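Trainee: Sharing a structure below in structure tokens format, with a few things to ask.
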Amino acid sequence: MEEALLRAVLFGTPILLASLGALLSERGGVVNLGVEGMMALSALAAFAAALEAGPVWGVLCGVGVGSLLGLFLGVFAVFLRANQFVAGLALAALGLGASGLLGKRYEGTPLPDPLPEGVLAGLALILALGLHLLLSRTRYGLYLRSVGENPKAADLFGVSVDGVRYLALALGGGMIGLAGAYLSLAYRPSWTDGMTSGLGWVAIALVILAGWQPLRAVLGAYFFGLLFFLQFRLQGSVPIPSEAFAAMPYLLVILVLALSGRARAPRALGQPFDRGR
Amino acid sequence: MLKLENITKRFGPVVANHRVSLEVARGEVLALLGENGAGKTTLVSILYGLYAPDEGRILLEGKEVRIPSPKAAQRLGIALVPQHPELIEAHTVAENLALGLDLPLAFSRRALVRRLAALLEGHPLGVDLEAPVARLSAGEKQRVELLRALLNRPRVLVLDEPTSVLTPKEVEGLFQEIRRLKALGLAVIFISHKLEEVLAIADRIAVLRAGEKVGEVWCQEADKDLLVRLMVGRSLAPPPKVPPPRKEVVLEVEDLLVPRHGFPVQGVSFALRAGEVLGIAGVAGSGQAELVQALAGLRPHQGRVRFLGKPWPRDPMSLFRQGVAHIPEERSMGVVGGMSVAENLALRTYPRFVRRGLLDYRAMEMEAGGLIQRYGIRTPSPRTPVRFLSGGNVQKVILARELQGGARLLLAMHPTYGLDVGATEEVHGRILELVQGGAAVLLVSEDLDEILALSHRVAALYHGRFVGPVPREEADRERLGRMMTEGRV
Amino acid sequence: MRWELDPSPSLWKVFLAYSLFVALALLLLGLLFLLYGVSPLKAYGLLLSPLGDSLGLAEVGRRTIPLLLIGAGLALAFRVGFFNIGAEGQLLMGAVGGAYVALFLPPGPWTLPLMFLLGGGLGAVWSGLAAWLRVRFGANEILTTLMQNYLVYYLVVYLVAGPWKGQMVFGFLYTDRFPPEAQLPRLGDTLVHWPTLLLGIAAALGLQLLLFRTPLGFEWRILGENPQAARYLGLKGGRLILLAALLSGFLAGLAGVGEVAGIHLRLLEPAQISLGYGFTAILVAWLARGRPLWVLFTAPLLGLILAGGDALKLALSMPFRVVDVVAGLLLLSLIGAEALSQRRLIWRR
């Protein structure tokens, strides 16, 4: 039982980190569908840096690449006011493709000194709490929520809509990068193409399930973690094909979306803001 | 104090402001008068840093200033109360006001409320700081906007059409506040298209027409006729006469109940005769939209509704076929911008143009040509996408489409909102033509003058309940205002 | 200095914006090639190499077929406002349906039509499910259709590794070869299964007609551009969305049947059935700007990129993922250029 809970937390941590990252920018009104690709690229970057310079550099590099990719999305979603959904999907494909391409030389290389999972799991929990406080207790949080609800009003109030959104994408990207680093440095200390295996999409669905609340995302992530654990455990011991287990999380995401489809999203979610319009 | 010199602003080929110069002094109220589309809001947007002017400069206390953003405007001491309250509905009043403050990096909710309460102490406009904005009335929201603007202790206060959502009593309260601020030494720019208000509050009046300043007068020297001529470019025809209604009852509504988070419309009953206009006033959000939507088949309702003695069909398509026309509350709802004028004119009637499974575009455009002529829609061609048309012409497209089948009943909501005087006259003319032909009209509007000018009977909605109706002859602005705000006849 | 909306961009500026972004995309792609360790020029040469000979052109043609079918359906779905990202899964469903008919029903002249019917039907059911979830529960179709892709993926893996695994394939994960009645004719020695190609062209033409000349298309266009107006007019929005979703899923299903019956002649691992056609077709549709007819031009363009990716894979043993990179960059540069051309920089104040 205790082991189940522990594994649930460890399995749930990458989902939690990635979904906190997506949640942050979504509270500011920017949809991030690029999570999967961002995670993959930062996982690769973290792994490569850890091989060269050690695990701490690995983590830093993962976070940095995640932030940069967040800003990259910002160029399209904020600076150019392009379609956020399409930009995110393109980023997902680009990230997955580029990581597969660049990571080929690292396939199969083991990481000599992996990070302890517990440390990052604890950090994720602290980040969730921190994000909750950021949103409810700070000036930036108030600005971010305002921008996500009504950017026109926030702009009239003198809040820099674009600035707030860039920062959200960079901070959120950093968390998504941390999720990637967790995968390649602690969770499965290695690099394989496609190692994110859909976790990024699960994270996006979790944002909706959690109603855009960081603390609820914690519970959701651990719940998903528990399911992954059960999948691992029951595999082979019950007469159900392993593919059914592998498909479980995706089926679950669909169910979750159907159940929480009409949850109240930030009102300006997905809409580019243009002062002159 | 504040001076604008030769401001010019173009949007593509359209010149919104052409060499406009204005000046306002400390402790003075300058009214910017002009009809819809005259360029008032553009000018204010430039002043508040929302648009960059193409030419001209802005001087504050003699020094030229650059205003690249609302933030910069605020730093210079310029505050704006926008035409439509731009508040964050999901936040509390306190959180909204906080956006106007210099905040510490981190704070608790309680500390914020305490600080705001201290700042607002002794101010005549009181609000509940912890209430969510979504629950406020339009008038209260505007009060929040005004307080937010004042928190920064501005030198110049700009009010863009501040009275359009207010009841007559609220307008009086606002004017008192403006006079108080004026006495404190603020320079106030008051934007409006309503003559009476401008004459009541302004010291000086600048008139804009088609983007240009066409005149400026001291309030004492101003007279109505002169201002109208300046504003519109001609004298206005007297409002058209409405012939008396006939006997035949077109619409009977009994105990109409519309559910939606509670009951925004509660037990409304009335009857509407052929050739009659029933005007319905109300503070924004009192159930007008729900009433019209329910009758138009867009919202489920309870109660008995009969049309020409028959039960009321409940979907928009059958309603149209039986002769019910509907002008929606927002023009953008009534047209599809990317589709052509001809297609938009056929949004209701397209099944008529089907030949062997395909749409006969030739026939559709022929018919559109007729409607374009009859309704005086100014468009380069029936194939032009509607989004290239002006607001008045879009409204004419909607009218032409809705009325083409010989409507027996028109549900009209804010039919002239945002239109200039010429377009408003045309729309009113069409509605009266319809009435003369024996149709009934349910007219919902926020413009009390419009209601009083067109209606045979007037009523108000007050928290979803029907107040009145009373005959037009027994109603005036003040009485209608009381019906709206106190719920008594 | 100010960054604002340009209401009427000049053609020259639009051209400049697109050139800029295409150049940026090529630069970034070149950088990735360099990091991977191949000369960018050589890689670009290989990417375009299928244009050089008839064999290459046949490769492009073969990849154009599914892109045509799926792209036409997606152009319609996007126009109506149903953001179907799950064409990949719908294609696989089609392959499953086709394989079922081919493997388990008595063969005869009816086999091929029945394969298309069942395959298309399963594809339609699959996309219709997402549409139903959106209409009924408000579930975001971008995410549901995407998740459905994973579900079919595992379904196909399960089938080819388990119950449908061939009798004499030993360690390989695929079914037995389809009987001759279930194989599509091809053009000469190429892999161009022309009946499916004809279906694709017919789909592009048909959907164009449906969208712009019929009352149904009229309603679709109203709903897609202005859902509020559709409600005001009393159109049945849910039904219209469902219908568009079913059609696009059906076409993707047909594409799946074409792949298994025209090329592989068996059901095999999902990654081998589809080379990411579902995602690439999003680009095809996006490029076509909601006009199914334009797919006739955009599908071969993306077909070329897929064929070029294959050439890269063969010549440099590069992972096929490179196609994702090219597609992603292309999509980004398209939306970026479109957005950039609609903005301008004002230097004064």
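If you're wondering about the labels, chains in the structure tokens are A, B, ... by order shown, residues count from 1 in each chain, ligands from 1 in order shown.
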Near stretch 219-226 of chain A, within 8 Å and counting only C-alpha atoms, which residues show up once chain neighbours fewer than 3 positions away are dropped, as a list of chain:residue names?
Mentor: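 Everything that qualifies: A:Ala4, A:Leu5, A:Arg7, A:Ala8, A:Val9, A:Leu10, A:Phe11, A:Gly12, A:Thr13, A:Ile15, A:Leu16, A:Leu206, A:Leu209, A:Ala210, A:Leu215, A:Arg216, A:Phe229, A:Leu230, A:Pro249.
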Trainee: To test your reading of the structure, identify every residue in stretch 153-224 of chain C that backbone DSSP assigns to helix (DSSP H, G or I), and report it as a VMD selection string.
Mentor: chain C and resid 153 to 161 180 to 182 194 to 213 215 to 224
Trainee: With only C-alpha atoms as the counted atoms, please give the residues lying no more than 10 Å from stretch 360-369 of chain B, apart from itself and same-chain residues fewer than 2 positions off, as a PyMOL selection string.
Mentor: (chain B and resi 340-346+349-350+352-358+371-374+377+381-383+397+400-401) or (chain C and resi 213-215)
Trainee: Would you kindly report the residues of chain C within 10 Å of chain B, using only C-alpha atoms, as a ChimeraX atom specification?
Mentor: /C:1-9,209-210,212-219,221-235,346-349
Trainee: If you take only C-alpha atoms and a cut-off of 6 Å, which residues of chain C touch chain A, and what are their nearest atom pairs and distances in Å to one decimal, in chain and number order, as CSV?
Mentor:
residue,atom,partner,partner_atom,distance
C:Tyr36,CA,A:Leu102,CA,5.5
C:Phe137,CA,A:Ala258,CA,5.4
C:Gly138,CA,A:Gly261,CA,4.6
C:Ala139,CA,A:Gly261,CA,4.3
C:Thr144,CA,A:Ile254,CA,5.4
C:Met147,CA,A:Tyr250,CA,5.2
C:Leu151,CA,A:Ala247,CA,5.4
C:Tyr154,CA,A:Glu243,CA,5.4
C:Tyr158,CA,A:Glu243,CA,6.0
C:Arg321,CA,A:Gly97,CA,4.7
C:Val322,CA,A:Gly97,CA,5.7
C:Asp324,CA,A:Gly97,CA,4.9
C:Val325,CA,A:Leu94,CA,4.5
C:Gly328,CA,A:Ala90,CA,4.4
C:Ala339,CA,A:Ala82,CA,5.4
C:Leu340,CA,A:Leu80,CA,6.0
Trainee: Those same residues - N, CA, C and O atoms - I'd like them written as a short mmCIF file (atom, residue, chain, number, x, y, z; two decimals), in the first residue's frame.
Mentor:
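Writing done, so here's again.cif:
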data_model
loop_
_atom_site.label_atom_id
_atom_site.label_comp_id
_atom_site.auth_asym_id
_atom_site.auth_seq_id
_atom_site.Cartn_x
_atom_site.Cartn_y
_atom_site.Cartn_z
N TYR C 36 22.91 17.46 -36.41
CA TYR C 36 22.81 16.01 -36.56
C TYR C 36 24.08 15.46 -37.20
O TYR C 36 24.44 14.30 -37.00
N PHE C 137 -20.97 16.85 -24.32
CA PHE C 137 -20.31 17.14 -23.04
C PHE C 137 -19.36 18.34 -23.09
O PHE C 137 -18.75 18.68 -22.09
N GLY C 138 -19.18 18.91 -24.26
CA GLY C 138 -18.26 20.04 -24.35
C GLY C 138 -16.80 19.65 -24.24
O GLY C 138 -15.96 20.46 -23.87
N ALA C 139 -16.47 18.39 -24.54
CA ALA C 139 -15.07 17.95 -24.47
C ALA C 139 -14.30 18.50 -25.68
O ALA C 139 -14.76 18.37 -26.82
N THR C 144 -9.47 15.18 -27.48
CA THR C 144 -10.07 13.85 -27.57
C THR C 144 -9.61 13.12 -28.83
O THR C 144 -9.25 11.95 -28.77
N MET C 147 -6.13 11.84 -28.32
CA MET C 147 -6.07 10.67 -27.44
C MET C 147 -6.56 9.43 -28.18
O MET C 147 -6.03 8.34 -28.00
N LEU C 151 -5.30 5.37 -28.76
CA LEU C 151 -6.13 4.19 -28.54
C LEU C 151 -6.08 3.24 -29.74
O LEU C 151 -5.86 2.05 -29.58
N TYR C 154 -2.76 1.37 -30.14
CA TYR C 154 -2.61 0.16 -29.35
C TYR C 154 -3.55 -0.94 -29.83
O TYR C 154 -3.22 -2.13 -29.74
N TYR C 158 -2.23 -4.55 -30.84
CA TYR C 158 -2.82 -5.74 -30.24
C TYR C 158 -3.27 -6.73 -31.31
O TYR C 158 -2.98 -7.92 -31.22
N ARG C 321 11.51 10.73 -38.16
CA ARG C 321 11.05 11.89 -37.41
C ARG C 321 11.37 13.22 -38.10
O ARG C 321 10.75 14.23 -37.81
N VAL C 322 12.37 13.18 -38.96
CA VAL C 322 12.75 14.41 -39.65
C VAL C 322 11.55 15.03 -40.36
O VAL C 322 11.43 16.24 -40.48
N ASP C 324 8.53 15.11 -39.20
CA ASP C 324 7.83 15.92 -38.20
C ASP C 324 8.45 17.30 -38.08
O ASP C 324 7.77 18.31 -37.94
N VAL C 325 9.78 17.31 -38.11
CA VAL C 325 10.49 18.59 -38.00
C VAL C 325 10.12 19.50 -39.17
O VAL C 325 9.75 20.66 -38.99
N GLY C 328 6.46 20.56 -38.86
CA GLY C 328 6.27 21.52 -37.78
C GLY C 328 6.79 22.90 -38.16
O GLY C 328 6.13 23.92 -37.96
N ALA C 339 0.46 35.88 -39.84
CA ALA C 339 0.26 36.85 -38.76
C ALA C 339 1.14 38.09 -38.97
O ALA C 339 0.69 39.21 -38.80
N LEU C 340 2.37 37.86 -39.39
CA LEU C 340 3.29 38.98 -39.56
C LEU C 340 2.79 39.94 -40.62
O LEU C 340 2.87 41.17 -40.47
#
Trainee: Could the residues of chain B within 10 Å of chain A, counting only C-alpha atoms, be given as a count of residues only, please?
Mentor: 42
Trainee: Quick one: residues within 8 Å of stretch 161-169 of chain B, only C-alpha atoms, excluding same-chain residues fewer than 3 positions away - as a ChimeraX atom specification?
Mentor: /B:81-83,138-139,142,172-173,190-193,283-284,446-447,477-478,481,484-485
Trainee: Taking only C-alpha atoms into account, which of C:Tyr100, C:Trp110, C:Trp286, C:Phe279 comes nearest C:Leu159?
Mentor: C:Tyr100
Trainee: Which residue is closest to B:Gln288? Choose from B:Gly370, B:Pro471, B:Gly464, B:Gly27 and count only C-alpha atoms.
Mentor: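 Distance minimum relative to B:Gln288 lands on B:Gly464.
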